[in-house]
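Source file start_9.txt; content: compact mmCIF, C-alpha atoms.
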```
# COMPACT_ATOMS: atom_id res chain seq x y z
CA MET A 137 0.00 0.00 0.00
CA TYR A 138 1.10 3.55 -0.78
CA ILE A 139 -0.38 6.35 1.32
CA ASP A 140 0.31 9.82 -0.09
CA ILE A 141 0.28 12.17 2.88
CA HIS A 142 0.63 15.33 0.77
CA ALA A 143 -1.96 16.06 -1.91
CA HIS A 144 -3.80 19.28 -2.76
CA PHE A 145 -7.16 19.77 -4.43
CA THR A 146 -5.68 22.18 -6.96
CA THR A 147 -8.25 21.35 -9.65
CA VAL A 148 -11.22 22.66 -7.68
CA PRO A 149 -14.08 23.99 -9.82
CA ASP A 150 -13.51 27.53 -11.06
CA ALA A 151 -16.41 28.82 -8.97
CA LEU A 152 -14.35 28.39 -5.81
CA LYS A 153 -11.32 30.23 -7.18
CA THR A 154 -13.55 33.00 -8.57
CA TRP A 155 -15.19 33.47 -5.17
CA ARG A 156 -11.79 33.70 -3.49
CA ASP A 157 -10.67 36.38 -5.96
CA ARG A 158 -13.87 38.33 -5.22
CA GLN A 159 -13.35 37.96 -1.49
CA ILE A 160 -9.82 39.36 -1.72
CA ALA A 161 -10.98 42.27 -3.89
CA GLU A 162 -13.80 43.13 -1.49
CA ILE A 163 -11.58 43.26 1.60
CA GLU A 164 -8.53 44.81 -0.04
CA GLN A 165 -10.30 47.45 -2.12
CA HIS A 166 -13.44 48.16 -0.13
CA GLY A 167 -12.86 46.82 3.40
CA ARG A 168 -15.92 44.57 3.12
CA HIS A 169 -16.30 40.92 4.06
CA LEU A 170 -17.82 38.70 1.38
CA PRO A 171 -20.12 35.97 2.75
CA ALA A 172 -19.59 32.42 1.51
CA ASP A 173 -23.26 31.59 1.05
CA GLY A 174 -23.17 32.61 -2.61
CA VAL A 175 -20.84 29.79 -3.68
CA GLU A 176 -22.63 27.08 -5.63
CA ILE A 177 -20.63 23.99 -6.56
CA SER A 178 -22.35 20.72 -7.37
CA ASP A 179 -21.15 17.24 -6.42
CA ASP A 180 -20.88 16.47 -10.12
CA GLU A 181 -18.46 19.38 -10.59
CA ILE A 182 -16.28 18.19 -7.72
CA ALA A 183 -16.37 14.60 -8.95
CA ALA A 184 -15.40 15.66 -12.47
CA ALA A 185 -12.52 17.78 -11.19
CA LEU A 186 -11.14 14.85 -9.22
CA THR A 187 -11.80 12.10 -11.73
CA GLU A 188 -9.98 13.91 -14.51
CA GLY A 189 -7.12 15.02 -12.26
CA GLN A 190 -6.13 13.66 -8.88
CA LEU A 191 -7.84 10.29 -9.11
CA ALA A 192 -6.50 9.59 -12.57
CA LEU A 193 -2.93 10.25 -11.44
CA GLN A 194 -3.32 8.25 -8.25
CA ALA A 195 -4.41 5.25 -10.31
CA LYS A 196 -1.61 5.75 -12.83
CA HIS A 197 1.06 6.11 -10.15
CA GLY A 198 -0.17 3.26 -7.97
CA ILE A 199 -1.25 5.33 -4.96
CA ASP A 200 -3.94 3.72 -2.84
CA LEU A 201 -4.98 6.67 -0.68
CA ALA A 202 -4.15 10.37 -0.52
CA LEU A 203 -4.53 12.90 2.26
CA LEU A 204 -6.22 15.74 0.41
CA SER A 205 -5.96 19.33 1.60
CA PRO A 206 -6.92 22.74 0.21
CA ILE A 207 -4.58 24.48 -2.25
CA ALA A 208 -1.56 25.53 -0.19
CA GLY A 209 -0.75 28.53 -2.35
CA LYS A 210 -4.26 29.90 -1.94
CA MET A 211 -4.23 29.85 1.87
CA ALA A 212 -2.68 33.32 1.43
CA HIS A 213 -3.09 34.34 5.04
CA HIS A 214 -1.71 37.84 4.50
CA TYR A 215 -4.90 39.00 2.78
CA GLY A 216 -7.54 40.78 4.81
CA ASP A 217 -8.05 40.00 8.47
CA GLN A 218 -9.01 37.15 10.77
CA GLU A 219 -12.58 37.04 9.52
CA THR A 220 -11.37 36.91 5.92
CA SER A 221 -9.14 33.95 6.67
CA LEU A 222 -11.76 32.14 8.73
CA THR A 223 -14.44 32.38 6.05
CA TRP A 224 -12.03 31.23 3.35
CA SER A 225 -10.62 28.38 5.43
CA ARG A 226 -14.03 27.00 6.30
CA LEU A 227 -15.10 27.10 2.65
CA ALA A 228 -11.87 25.47 1.44
CA ASN A 229 -12.04 22.79 4.12
CA ASP A 230 -15.68 22.03 3.40
CA THR A 231 -14.78 21.54 -0.26
CA VAL A 232 -12.08 18.94 0.39
CA TYR A 233 -14.43 17.25 2.85
CA ARG A 234 -16.98 16.84 0.07
CA ALA A 235 -14.27 15.21 -2.03
CA SER A 236 -13.70 12.56 0.65
CA VAL A 237 -17.44 11.94 0.95
CA LEU A 238 -17.68 11.34 -2.78
CA PHE A 239 -14.57 9.12 -2.88
CA PRO A 240 -14.11 7.69 0.63
CA ASP A 241 -11.78 4.89 -0.47
CA SER A 242 -9.40 7.33 -2.17
CA PHE A 243 -9.20 10.33 0.15
CA ALA A 244 -8.88 11.36 3.76
CA ASN A 245 -8.59 15.04 4.64
CA VAL A 246 -6.14 17.56 6.04
CA CYS A 247 -7.41 21.07 6.85
CA GLN A 248 -6.01 24.53 6.39
CA LEU A 249 -6.09 26.82 9.41
CA PRO A 250 -7.48 30.38 9.50
CA GLN A 251 -4.18 31.96 10.47
CA SER A 252 -3.89 35.72 10.14
CA PRO A 253 -0.96 38.04 10.92
CA GLY A 254 -1.57 39.36 14.41
CA GLY A 255 -4.74 37.27 14.75
CA ASP A 256 -5.82 35.12 17.66
CA ILE A 257 -4.61 31.52 17.40
CA GLN A 258 -7.88 30.45 18.98
CA ALA A 259 -9.57 30.76 15.58
CA SER A 260 -7.24 28.06 14.29
CA VAL A 261 -7.90 25.90 17.34
CA GLU A 262 -11.64 26.10 16.79
CA GLU A 263 -11.42 25.33 13.07
CA LEU A 264 -9.13 22.39 13.79
CA ARG A 265 -11.66 21.02 16.27
CA ARG A 266 -14.52 21.48 13.80
CA CYS A 267 -12.68 19.68 11.04
CA VAL A 268 -11.45 16.81 13.20
CA GLU A 269 -14.42 16.26 15.48
CA ASP A 270 -17.27 17.08 13.07
CA LEU A 271 -15.82 16.21 9.66
CA GLY A 272 -13.33 13.43 10.43
CA PHE A 273 -10.16 15.17 9.24
CA VAL A 274 -6.90 13.45 10.19
CA GLY A 275 -4.44 16.36 10.18
CA ALA A 276 -3.79 20.03 9.45
CA ASN A 277 -1.50 22.32 7.47
CA LEU A 278 0.31 24.98 9.48
CA ASN A 279 1.74 28.02 7.68
CA PRO A 280 5.09 28.98 9.27
CA ASP A 281 4.88 32.48 7.74
CA PRO A 282 1.38 33.99 7.65
CA SER A 283 2.94 37.18 6.27
CA ASP A 284 3.62 35.07 3.15
CA GLY A 285 7.17 35.81 2.13
CA TYR A 286 8.15 38.62 4.48
CA TRP A 287 8.77 36.54 7.63
CA GLN A 288 7.09 38.98 9.98
CA ALA A 289 5.45 36.21 11.99
CA LEU A 290 6.50 34.59 15.24
CA ALA A 291 8.48 31.37 15.09
CA ILE A 292 6.28 28.28 15.18
CA THR A 293 7.99 27.40 18.45
CA ASP A 294 6.66 30.54 20.15
CA LYS A 295 4.17 30.03 22.96
CA TYR A 296 1.62 31.87 20.84
CA TYR A 297 1.12 28.51 19.10
CA TYR A 298 0.88 26.43 22.26
CA PRO A 299 -2.95 26.38 22.44
CA LEU A 300 -2.95 24.91 18.91
CA TYR A 301 -0.37 22.29 19.83
CA GLU A 302 -2.34 21.39 22.95
CA ALA A 303 -5.40 20.78 20.78
CA MET A 304 -3.41 18.76 18.24
CA VAL A 305 -2.06 16.46 20.95
CA GLU A 306 -5.48 16.11 22.53
CA LEU A 307 -7.11 15.27 19.20
CA GLY A 308 -4.26 13.03 18.06
CA VAL A 309 -3.52 14.81 14.78
CA PRO A 310 -0.24 15.99 13.25
CA ALA A 311 0.37 19.14 11.24
CA MET A 312 2.35 19.60 8.06
CA VAL A 313 4.36 22.82 8.26
CA HIS A 314 3.49 24.11 4.79
CA SER A 315 4.08 27.64 3.52
CA SER A 316 1.57 29.42 1.31
CA MET A 317 2.08 31.82 -1.59
CA SER A 318 4.87 34.37 -1.62
CA ALA A 319 3.60 37.94 -1.58
CA ASN A 320 7.22 39.08 -1.88
CA PRO A 321 8.06 39.60 -5.58
CA ALA A 322 11.73 38.87 -4.87
CA VAL A 323 10.97 35.35 -3.58
CA HIS A 324 9.57 32.70 -5.92
CA GLY A 325 6.67 30.90 -4.28
CA THR A 326 7.07 27.17 -4.82
CA CYS A 327 10.80 26.95 -5.51
CA ALA A 328 12.11 29.49 -2.99
CA HIS A 329 9.53 30.41 -0.38
CA TYR A 330 8.26 26.84 0.14
CA LEU A 331 11.77 25.46 0.58
CA ASN A 332 12.80 28.46 2.68
CA GLY A 333 9.83 27.71 4.91
CA ASP A 334 10.80 24.06 5.30
CA THR A 335 14.37 24.95 6.18
CA THR A 336 13.46 27.81 8.50
CA ALA A 337 10.92 25.69 10.36
CA PHE A 338 13.48 22.90 10.72
CA MET A 339 15.96 25.22 12.44
CA GLN A 340 13.28 26.77 14.64
CA LEU A 341 12.26 23.32 15.81
CA VAL A 342 15.66 21.74 16.43
CA GLN A 343 16.88 24.81 18.33
CA SER A 344 13.82 24.87 20.58
CA ASP A 345 12.41 22.89 23.50
CA LEU A 346 9.03 22.51 21.81
CA PHE A 347 9.14 18.72 21.75
CA ARG A 348 10.12 18.65 25.43
CA ASP A 349 7.03 20.71 26.18
CA PHE A 350 4.90 18.55 23.85
CA PRO A 351 6.45 15.06 23.71
CA ASP A 352 3.49 13.69 21.75
CA LEU A 353 3.38 16.49 19.16
CA LYS A 354 4.01 15.42 15.56
CA LEU A 355 4.99 17.83 12.79
CA ILE A 356 5.86 17.10 9.15
CA LEU A 357 8.22 19.05 6.92
CA PRO A 358 7.16 18.81 3.27
CA HIS A 359 9.31 18.85 0.12
CA GLY A 360 11.90 16.57 1.68
CA GLY A 361 12.59 19.06 4.47
CA GLY A 362 14.05 21.82 2.30
CA ALA A 363 17.81 22.08 2.82
CA ALA A 364 17.87 19.90 5.94
CA PRO A 365 18.93 16.54 4.42
CA TYR A 366 21.41 18.18 2.03
CA HIS A 367 23.10 20.13 4.84
CA TRP A 368 22.56 17.58 7.61
CA GLY A 369 26.23 17.76 8.60
CA ARG A 370 26.07 21.54 9.00
CA TYR A 371 22.96 21.35 11.18
CA GLN A 372 24.40 18.44 13.16
CA GLY A 373 27.55 20.44 13.78
CA VAL A 374 25.58 23.44 15.02
CA MET A 375 23.59 21.22 17.36
CA HIS A 376 26.81 19.79 18.80
CA ASP A 377 28.28 23.29 19.15
CA GLN A 378 25.17 24.34 21.08
CA GLY A 379 25.24 21.25 23.27
CA ARG A 380 21.91 19.98 22.00
CA GLY A 381 23.11 16.55 20.87
CA ASP A 382 22.36 14.40 17.84
CA LEU A 383 19.77 15.48 15.28
CA ALA A 384 18.26 11.99 15.17
CA ASP A 385 17.54 12.25 18.89
CA ILE A 386 16.23 15.80 18.61
CA ILE A 387 13.69 14.96 15.90
CA GLY A 388 12.85 11.72 17.71
CA ASP A 389 9.26 10.67 17.15
CA ASN A 390 8.15 14.26 16.65
CA LEU A 391 9.50 15.60 13.35
CA TYR A 392 8.99 13.93 9.97
CA PHE A 393 9.98 14.52 6.34
CA ASP A 394 7.99 13.70 3.22
CA THR A 395 9.26 12.35 -0.10
CA CYS A 396 8.25 15.27 -2.35
CA VAL A 397 11.70 15.34 -3.93
CA TYR A 398 11.50 15.11 -7.69
CA GLY A 399 14.81 13.48 -8.58
CA SER A 400 16.21 10.06 -7.72
CA ARG A 401 19.54 11.36 -6.41
CA GLY A 402 17.87 13.85 -4.10
CA LEU A 403 15.40 11.27 -2.88
CA GLN A 404 18.18 8.74 -2.29
CA LEU A 405 20.00 11.38 -0.23
CA LEU A 406 16.88 11.83 1.91
CA ILE A 407 16.56 8.07 2.44
CA ASP A 408 20.26 7.72 3.27
CA THR A 409 20.33 10.70 5.65
CA VAL A 410 17.08 10.83 7.63
CA PRO A 411 16.08 7.88 9.85
CA THR A 412 13.62 5.63 8.03
CA LYS A 413 10.99 6.00 10.74
CA ASN A 414 10.90 9.74 10.10
CA ILE A 415 10.12 9.57 6.36
CA LEU A 416 6.60 9.54 4.91
CA PHE A 417 5.63 8.86 1.31
CA ALA A 418 4.15 11.86 -0.52
CA SER A 419 3.89 13.32 -4.01
CA GLU A 420 2.30 16.80 -3.62
CA MET A 421 -0.04 15.98 -6.51
CA ILE A 422 -1.31 17.99 -8.14
CA GLY A 423 1.11 20.71 -7.19
CA ALA A 424 4.03 22.88 -8.16
CA VAL A 425 5.59 20.58 -10.78
CA ARG A 426 3.33 18.93 -13.35
CA GLY A 427 5.56 18.14 -16.30
CA VAL A 428 7.29 14.98 -17.48
CA ASP A 429 10.97 14.35 -16.80
CA PRO A 430 12.51 13.72 -20.25
CA GLU A 431 15.16 11.45 -18.72
CA THR A 432 12.66 9.01 -17.21
CA GLY A 433 9.47 9.53 -19.20
CA HIS A 434 7.59 9.84 -15.90
CA ARG A 435 6.01 12.91 -14.35
CA TYR A 436 8.33 14.65 -11.92
CA ASP A 437 5.75 14.14 -9.17
CA ASP A 438 5.59 10.37 -9.75
CA THR A 439 7.41 9.75 -6.49
CA ARG A 440 6.12 6.16 -6.38
CA PHE A 441 8.27 5.44 -9.44
CA LEU A 442 11.25 7.24 -7.94
CA LEU A 443 10.92 5.54 -4.56
CA ASP A 444 10.65 2.07 -6.07
CA SER A 445 13.83 2.68 -8.07
CA LEU A 446 16.04 3.43 -5.05
CA ASP A 447 18.38 1.22 -3.08
CA PHE A 448 16.92 0.09 0.25
CA ALA A 449 18.38 -1.89 3.10
CA ASP A 450 15.45 -4.30 2.85
CA GLN A 451 11.82 -4.53 1.83
CA ALA A 452 10.68 -3.51 5.31
CA GLN A 453 12.36 -0.12 4.90
CA LEU A 454 10.42 0.60 1.71
CA GLU A 455 7.12 -0.57 3.20
CA SER A 456 7.62 1.62 6.27
CA ILE A 457 8.07 4.69 4.10
CA ALA A 458 5.27 3.75 1.70
CA ALA A 459 2.56 3.39 4.33
CA GLY A 460 3.63 2.00 7.69
CA ASN A 461 5.07 5.22 9.09
CA ALA A 462 2.00 7.23 8.06
CA LEU A 463 -0.24 4.91 10.06
CA GLY A 464 1.73 5.80 13.17
CA VAL A 465 1.90 9.54 12.54
CA PHE A 466 -1.81 9.77 11.64
CA PRO A 467 -3.62 7.64 14.26
CA ARG A 468 -7.02 8.83 13.08
CA LEU A 469 -6.15 7.65 9.59
CA ARG A 470 -5.20 4.24 10.95
CA GLN A 471 -8.52 4.05 12.80
CA ARG A 472 -10.41 5.01 9.66
CA LEU A 473 -8.66 2.41 7.54
CA GLU A 474 -9.20 -0.28 10.16
CA GLU A 475 -12.90 0.53 10.35
CA ARG A 476 -13.18 0.33 6.56
CA GLY A 477 -11.30 -2.96 6.45
CA GLN A 478 -8.45 -1.52 4.37
CA ILE A 479 -5.86 -2.63 6.93
CA PRO A 480 -6.15 -5.28 9.65
CA PRO A 481 -6.67 -3.97 13.21
CA ALA A 482 -3.69 -3.24 15.43
CA THR A 483 -1.00 -3.90 12.82
CA GLY A 484 1.14 -1.76 10.58
CA THR A 485 0.84 -4.10 7.60
CA PRO A 486 -1.74 -2.97 5.03
CA VAL A 487 -4.13 -5.50 3.55
CA GLY A 488 -2.57 -7.08 0.48
CA ALA A 489 1.00 -6.12 1.37
CA THR A 490 3.58 -8.79 0.64
CA THR A 491 7.31 -9.22 0.96
CA ALA A 492 7.69 -9.21 -2.79
CA ALA A 493 9.21 -6.20 -4.50
CA HIS A 494 6.69 -3.60 -5.69
```

If you convert what's in this file into structure tokens, what do you get?
Amino acid sequence: MYIDIHAHFTTVPDALKTWRDRQIAEIEQHGRHLPADGVEISDDEIAAALTEGQLALQAKHGIDLALLSPIAGKMAHHYGDQETSLTWSRLANDTVYRASVLFPDSFANVCQLPQSPGGDIQASVEELRRCVEDLGFVGANLNPDPSDGYWQALAITDKYYYPLYEAMVELGVPAMVHSSMSANPAVHGTCAHYLNGDTTAFMQLVQSDLFRDFPDLKLILPHGGGAAPYHWGRYQGVMHDQGRGDLADIIGDNLYFDTCVYGSRGLQLLIDTVPTKNILFASEMIGAVRGVDPETGHRYDDTRFLLDSLDFADQAQLESIAAGNALGVFPRLRQRLEERGQIPPATGTPVGATTAAH
């Protein structure tokens, strides 16, 4: 089984994107809040958007289940105010929820949070609770820079975020630390700001005592962790200089990396550098890179193909990354799959998994 923990509903019907553009124009140009009750999107429109996009690629790439979240780039928390972000987040989250209702065997959900520069974190706590307790979501996306490219926000290790982390631990859900769009014209969104966010969050976390304060908290760095695996020796050296110890011990069972690395050498580096238990399979479909690699003939985001082509210590290592680790990091996902009979209860081995090579 392959569980993709990082997928975005980027092909949402145009009506949703049009409404968001109107909402931004209303608050930015006129200071008015646009209500969400005027959005009309049918189940057929959502089904068509998924069938022709995400579902088709999941089938082609051999992905059994994806954790679907709203479009990361359109979280855009710097626009408007807290009410703006809350209205947009609820609408975006409700849309991905409808996707999982239509295709329950293919999707589980991860929510965006209504963060806002200078806003109250309680709004994010309440939306997290709504999504998890009322809609069955299994995780959340946390923007490390709600100013979107200007880094005017507090570090994610600041106690400002502690009420959110308390709720996450209580609910048993992890968060992916995922940046949104770059409002800074000097910083490219997906190739600079996203990776800057991953790297910056990594350093904030390993230099902090956050995981001592929340030993059960689980956070995920997307896009392979930015620069972290590539410069592991540098970061390890800094940790030793500061008397903090080994990186593997610091990240422990709290910090994870996904496999959204679109080249075999980079992905092999991730596998060789980061402990296996801290790596989760992901593709970021349909996301920043959508073309075909001329060297392989596969889409760049076909990380199933890339992962299967790497050198592993044994089959167990591959199976842990493909699905086993995700079942531990997302306990609500495990429960859901057990209830649906997609994995046997109280084991990490998905139904149908074998010791044969994939």

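Residue nearest Ile356 in chain A, chosen from A:Val175, A:Val237, A:Met421, A:Ile141 and counting all atoms listed in the file: A:Ile141.
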
- Message: Residues within 10 Å of Phe441 in chain A, please, as a PyMOL selection string. Count all atoms listed in the file; anything in the same chain fewer than 2 positions from it doesn't count.
- Response: chain A and resi 197-198+400+432+434-439+443-446+494

- Message: Could you list, as a PyMOL selection string, every residue within 8 Å of Leu204 in chain A, counting all atoms listed in the file and ignoring same-chain residues fewer than 5 positions away?
- Response: chain A and resi 141-145+232+243-246

- Query: Excluding same-chain residues fewer than 4 positions from range 153-168 of chain A, what lies within 8 Å of it counting all atoms listed in the file, as a list in words?
  - Reply: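 Everything that qualifies: Val148, Pro149, Val175, Tyr215, Gly216, Thr220 and Trp224 of chain A.
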
- Query: In Å, with one decimal, what is the gap from CA of Phe448 in chain A to CA of Tyr392 in chain A?
  - Reply: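 Interatomic distance, CA of Phe448 in chain A to CA of Tyr392 in chain A: 18.7 Å.
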
- Message: At a cut-off of 10 Å, using all atoms listed in the file, what residues contact Glu262 in chain A? Leave out same-chain residues fewer than 3 positions from it and give the result as a list in words.
- Response: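 With the cut-off at 10 Å, the set is Leu249, Pro250, Ile257, Gln258, Ala259, Arg265, Arg266, Cys267, Val268, Leu300 and Ala303 of chain A.
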
- Message: Excluding Gly361 in chain A and its own-chain neighbours fewer than 5 positions away, which residues fall within 9 Å of it when counting all atoms listed in the file? Please give them as number ranges by chain.
- Response: A: 331, 334-335, 338, 356, 392-396, 406

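Closest approach to Asn461 in chain A among A:Arg440, A:Lys413, A:Arg226, A:Arg426: A:Lys413, based on all atoms listed in the file.
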
- What is the distance, in Å and to one decimal place, between CA of Gln218 in chain A and CA of Pro171 in chain A?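 Result for CA of Gln218 in chain A versus CA of Pro171 in chain A: 13.8 Å, one decimal.
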
- Option closest in space to Glu306 in chain A, from A:Tyr233, A:Phe239, A:Phe350, A:Tyr138 [counting only C-alpha atoms]: A:Phe350

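Interatomic distance, CA of Asn390 in chain A against CA of Ala202 in chain A: 21.5 Å.
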
- Task: Determine the nearest neighbour of Leu473 in chain A from the options A:Glu420, A:Glu219, A:Asp200, A:Asp408, counting all atoms listed in the file.
- Result: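 Comparing A:Glu420, A:Glu219, A:Asp200, A:Asp408 against Leu473 in chain A, the winner is A:Asp200.
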
- Determine the nearest neighbour of Ala328 in chain A from the options A:Leu416, A:Ala208, A:Leu152, A:Ala363, counting all atoms listed in the file.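 That would be A:Ala363, the residue with the smallest distance to Ala328 in chain A.
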